[in-house]
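Student: I have a structure here, written as structure tokens, and I will follow up with some questions on it.
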Amino acid sequence: MALDSAEVRHVSLLSRIELTDTELDMFTRQLADIVAYVDQLNEADTRDVPPMEHTPREDDNVLRDDVPVPGIGTLLALGGAPDVAASHFRVPKVVE
Amino acid sequence: MSDYTLSASAISRLVRSGDVKAVDSVSSAFTRIEQVEPRVDAFLHLDRAGAMAAAEAVDRMVASGADPGPLAGVPVAVKDNIATPDLPTSCASRILKNYVPPYSAAVVERLRSAGAVIVGKTNMDEFAMGSSCENSAFKPTRNPHDLSRIPGGSSGGSAAAVASAMVPVSLGSDTGGSIRQPAALTGTVGFKPTYGRVSRYGLIAFGSSLDQIGPFSRTVEDCALLMKVISGRDPRDSTCSSTAVPDFLSFLNDGVRSLRIGLPAEYFIDGMQPEVEKSVRAAAEVFTSLGARTLDISLPHTRFAVAVYYVVATAEASSNLARYDGVHYGYRTPEAVGLVDLYQKTRRDGFGDEVKRRIMLGTFALSSGYSEAYYKKALQVRSLMKRDFDLAFQDVDVIIAPTTPTTAFRIGEKINDPLSMYLSDVFTISANLATIPAVSLPCGLDSSGLPIGIQIMAPPFREDLVLKAAASLERALGIAPLTADP
């Protein structure tokens, strides 16, 4: 398909990345090139081919034993946060 | 002082026997770093004080008669997307600048309990997205063989640090070639293990079905030594395999007599540098002279590799990088009005262009109306590519191919043309998609003196075959270790 700037604007919103108009032009051009290249996948015959989703040995994807262990704790978990208040992550007001 | 060109295997032997002190090994590394790092720019963070303290602890163990482990006193550099609780782990991104993780990656724990000493964190393309190290938010790394050229990427810092003998070994990560491509371009040995061989716990995620951690070294013996230390089951990574880990060092002298080696037609293409093809074909003849049999094979879906990769890897990345929201860790924009604005401006300022491109491409491939045509289709073609390898490995034990179509390109040459940059990974991506182990090691130099890499691939969990073929070729060629003196 031919990717256009309206589509890229929509994708940037879904991606939560703000773009200037100049950036929108640049990314539209570049992403359109890449999507056009990716479109060659249509030349592969994939009738009755399952999508590959497994690890190399399917018996390996196992859960560990359910033994409770201490987590890293609030102090460490909040240690890299840009804004913290009273043992919580602080964010701008969500509901007006 | 000890010799900075010593291999990890030699350093460890000398430190364990008491002939060299770990503090001397580590201070020689820092002396070498002071000499060449200003020109190479391989590191984002150096930790001389922490490294000297760790070296002293190794020396105390030796003095008390305890065994500090198989990497005793070995200076190691670690890529900046591998979590270290005592050093920043920025992924070369503004969004994680100065971020220090609250825990240690599994491989970092394993290195340290084997007696290795981490000297610092290496530069990379931001979030491991790139093939030249130019996508670092902080600085480009230069190829120690020619400072006007890129060292490859994304693990360019780890490759350059080993190539210029600042350290004998380092760790990188490989999602589509990010260990093997820079290894080829810097004349080092770089190994991508089988998916699931090495724990990804503490590797900051890019493409979770593709990412693997692996070593850089200047010799195949050091590669095997590092692989032995970092491989094996870890309950904290549910995709990390319980497959037994053999003694990788035990295969190095096995030879290649009667080994069946496949040469895939699809890896010798128009537009590749003739010297690269010539050098790889010459290596194939060396294998024949050593008693191996070479066969022409076909991996017919190879031409779809780059297209599959740039859907699968970016789709996974768009999900993995959603966590950088300006709330949990790292950078937050100071100018947000409301929560969505906070996300959008934080990510606008925090990510570089390549990361933005890939997040948007992956978001597009997963978005309503397109996920069947792109994401599901790519996973189906990925199945076909895996099937190509399964069929080929019925006839051959290992597959050899060039690692890259050309030797190192110039800084700036491809940075404004993302698609042409992506195509430089054309020979390395398939091993990630098929989950198989693959090494790159030097097999010659081009007319400008730049290293050429040959890639050796094997079926899942057959790292032993890769290593024995690599060790035989290394001995026969006699060009390793290549040490650049920038």
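Each chain of the structure tokens is named A, B, ... in the order shown, its residues numbered from 1; ligands are numbered from 1 in display order.
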Residues of chain B within 8 Å of chain A, counting only C-alpha atoms, what are they? List them as a VMD selection string.
Tutor: chain B and resid 99 to 102 195 to 196 209 235 to 236 238 to 242 304 307 to 308 310 to 311 318 322 326 to 332 337 to 340 342 to 345 347 to 348 356 to 357 359 to 361 363 to 364 376 to 384 417 to 419 435 460
Student: Please return, as a VMD selection string, all residues of region 54-121 of chain B that DSSP assigns to alpha helix (DSSP H) on the basis of the backbone.
Tutor: chain B and resid 54 to 63 106 to 113
Student: Mind dumping the selected residues with all heavy atoms as a short mmCIF file (atom, residue, chain, number, x, y, z; two decimals), in the first residue's frame?
Tutor:
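Resulting contents of result_21.cif:
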```
data_model
loop_
_atom_site.label_atom_id
_atom_site.label_comp_id
_atom_site.auth_asym_id
_atom_site.auth_seq_id
_atom_site.Cartn_x
_atom_site.Cartn_y
_atom_site.Cartn_z
N ALA B 54 36.72 -4.62 42.41
CA ALA B 54 36.38 -6.00 42.05
C ALA B 54 37.64 -6.82 41.81
O ALA B 54 37.72 -8.00 42.19
CB ALA B 54 35.50 -6.00 40.80
N ALA B 55 38.65 -6.19 41.18
CA ALA B 55 39.91 -6.89 40.94
C ALA B 55 40.61 -7.23 42.25
O ALA B 55 41.16 -8.33 42.41
CB ALA B 55 40.82 -6.04 40.05
N GLU B 56 40.57 -6.30 43.20
CA GLU B 56 41.19 -6.58 44.51
C GLU B 56 40.51 -7.76 45.19
O GLU B 56 41.16 -8.60 45.82
CB GLU B 56 41.11 -5.33 45.42
CG GLU B 56 42.14 -4.27 45.05
CD GLU B 56 41.84 -2.90 45.65
OE1 GLU B 56 40.99 -2.82 46.58
OE2 GLU B 56 42.44 -1.92 45.18
N ALA B 57 39.19 -7.85 45.03
CA ALA B 57 38.45 -8.98 45.63
C ALA B 57 38.90 -10.30 44.99
O ALA B 57 39.04 -11.31 45.68
CB ALA B 57 36.94 -8.78 45.46
N VAL B 58 39.13 -10.29 43.67
CA VAL B 58 39.63 -11.49 42.99
C VAL B 58 41.01 -11.86 43.54
O VAL B 58 41.29 -13.02 43.85
CB VAL B 58 39.68 -11.27 41.46
CG1 VAL B 58 40.44 -12.40 40.76
CG2 VAL B 58 38.27 -11.15 40.87
N ASP B 59 41.88 -10.86 43.69
CA ASP B 59 43.23 -11.13 44.21
C ASP B 59 43.20 -11.68 45.64
O ASP B 59 44.00 -12.55 45.99
CB ASP B 59 44.09 -9.86 44.15
CG ASP B 59 44.52 -9.53 42.71
OD1 ASP B 59 44.63 -10.47 41.90
OD2 ASP B 59 44.74 -8.34 42.42
N ARG B 60 42.25 -11.19 46.44
CA ARG B 60 42.14 -11.72 47.81
C ARG B 60 41.73 -13.19 47.78
O ARG B 60 42.22 -13.99 48.57
CB ARG B 60 41.11 -10.90 48.62
CG ARG B 60 41.67 -9.59 49.17
CD ARG B 60 40.78 -8.99 50.26
NE ARG B 60 39.45 -8.69 49.78
CZ ARG B 60 39.12 -7.53 49.16
NH1 ARG B 60 40.05 -6.59 48.97
NH2 ARG B 60 37.89 -7.33 48.74
N MET B 61 40.82 -13.54 46.85
CA MET B 61 40.42 -14.95 46.73
C MET B 61 41.60 -15.82 46.35
O MET B 61 41.81 -16.88 46.92
CB MET B 61 39.31 -15.11 45.69
CG MET B 61 37.95 -14.63 46.16
SD MET B 61 36.65 -14.92 44.92
CE MET B 61 36.34 -16.67 45.16
N VAL B 62 42.38 -15.36 45.37
CA VAL B 62 43.54 -16.13 44.94
C VAL B 62 44.51 -16.31 46.12
O VAL B 62 44.99 -17.41 46.39
CB VAL B 62 44.26 -15.46 43.75
CG1 VAL B 62 45.56 -16.19 43.40
CG2 VAL B 62 43.35 -15.40 42.53
N ALA B 63 44.74 -15.21 46.86
CA ALA B 63 45.67 -15.26 47.99
C ALA B 63 45.20 -16.23 49.06
O ALA B 63 46.01 -16.89 49.72
CB ALA B 63 45.84 -13.86 48.58
N ALA B 106 21.03 -11.29 34.33
CA ALA B 106 21.54 -12.63 34.65
C ALA B 106 22.98 -12.79 34.16
O ALA B 106 23.82 -13.35 34.86
CB ALA B 106 20.64 -13.68 34.01
N VAL B 107 23.28 -12.29 32.96
CA VAL B 107 24.64 -12.46 32.43
C VAL B 107 25.67 -11.68 33.24
O VAL B 107 26.82 -12.10 33.35
CB VAL B 107 24.74 -12.05 30.93
CG1 VAL B 107 23.99 -13.03 30.04
CG2 VAL B 107 24.27 -10.63 30.71
N VAL B 108 25.26 -10.55 33.80
CA VAL B 108 26.18 -9.76 34.62
C VAL B 108 26.49 -10.52 35.91
O VAL B 108 27.64 -10.60 36.35
CB VAL B 108 25.59 -8.36 34.89
CG1 VAL B 108 26.35 -7.62 35.98
CG2 VAL B 108 25.58 -7.54 33.61
N GLU B 109 25.46 -11.12 36.51
CA GLU B 109 25.69 -11.96 37.70
C GLU B 109 26.66 -13.10 37.37
O GLU B 109 27.58 -13.39 38.14
CB GLU B 109 24.37 -12.59 38.17
CG GLU B 109 23.40 -11.62 38.77
CD GLU B 109 22.05 -12.28 39.08
OE1 GLU B 109 21.83 -13.47 38.73
OE2 GLU B 109 21.22 -11.60 39.69
N ARG B 110 26.43 -13.72 36.21
CA ARG B 110 27.28 -14.87 35.83
C ARG B 110 28.72 -14.45 35.57
O ARG B 110 29.65 -15.14 35.98
CB ARG B 110 26.71 -15.57 34.60
CG ARG B 110 25.51 -16.44 34.93
CD ARG B 110 24.94 -17.03 33.65
NE ARG B 110 23.70 -17.74 33.90
CZ ARG B 110 23.58 -19.08 33.78
NH1 ARG B 110 24.60 -19.82 33.41
NH2 ARG B 110 22.42 -19.66 34.03
N LEU B 111 28.90 -13.32 34.88
CA LEU B 111 30.25 -12.82 34.64
C LEU B 111 30.96 -12.58 35.96
O LEU B 111 32.10 -13.00 36.17
CB LEU B 111 30.21 -11.49 33.87
CG LEU B 111 29.92 -11.50 32.38
CD1 LEU B 111 29.94 -10.06 31.86
CD2 LEU B 111 30.93 -12.35 31.62
N ARG B 112 30.27 -11.88 36.87
CA ARG B 112 30.92 -11.49 38.12
C ARG B 112 31.20 -12.71 38.98
O ARG B 112 32.25 -12.79 39.62
CB ARG B 112 30.08 -10.46 38.86
CG ARG B 112 30.19 -9.10 38.17
CD ARG B 112 29.41 -8.02 38.87
NE ARG B 112 29.89 -6.70 38.42
CZ ARG B 112 29.15 -5.59 38.43
NH1 ARG B 112 27.89 -5.62 38.87
NH2 ARG B 112 29.65 -4.46 38.01
N SER B 113 30.29 -13.69 38.98
CA SER B 113 30.61 -14.84 39.82
C SER B 113 31.67 -15.74 39.19
O SER B 113 32.23 -16.59 39.86
CB SER B 113 29.36 -15.62 40.25
OG SER B 113 28.63 -15.98 39.12
#
```
Student: Distance CA of Ser199 (chain B)-CA of Asp234 (chain B), one decimal place?
Tutor: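 Distance reported for this atom pair: 5.9 Å.
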Student: Can you pull out every residue within 10 Å of Cys91 (chain B), counting only C-alpha atoms, but drop anything in the same chain fewer than 5 positions away, and send it as a ChimeraX atom specification?
Tutor: /B:44,79-83,96-97,99,121-129,136-137,204
Student: Take CA of Ala8 (chain B) and CA of Tyr201 (chain B) and report the distance between them in Å, one decimal.
Tutor: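 Atom-to-atom, CA of Ala8 (chain B) to CA of Tyr201 (chain B), that is 24.5 Å.
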Student: I'd like the contact shell of Val280 (chain B) - 10 Å cut-off, only C-alpha atoms, skipping same-chain residues fewer than 5 positions apart - returned as a VMD selection string.
Tutor: chain B and resid 263 268 275 285 to 286 400 to 403 442 to 444 452 to 455
Student: Smallest atom-to-atom distance to His145 (chain B): which of B:Thr407, B:Gln181, B:Ser208, B:Thr84, using only C-alpha atoms?
Tutor: B:Thr407
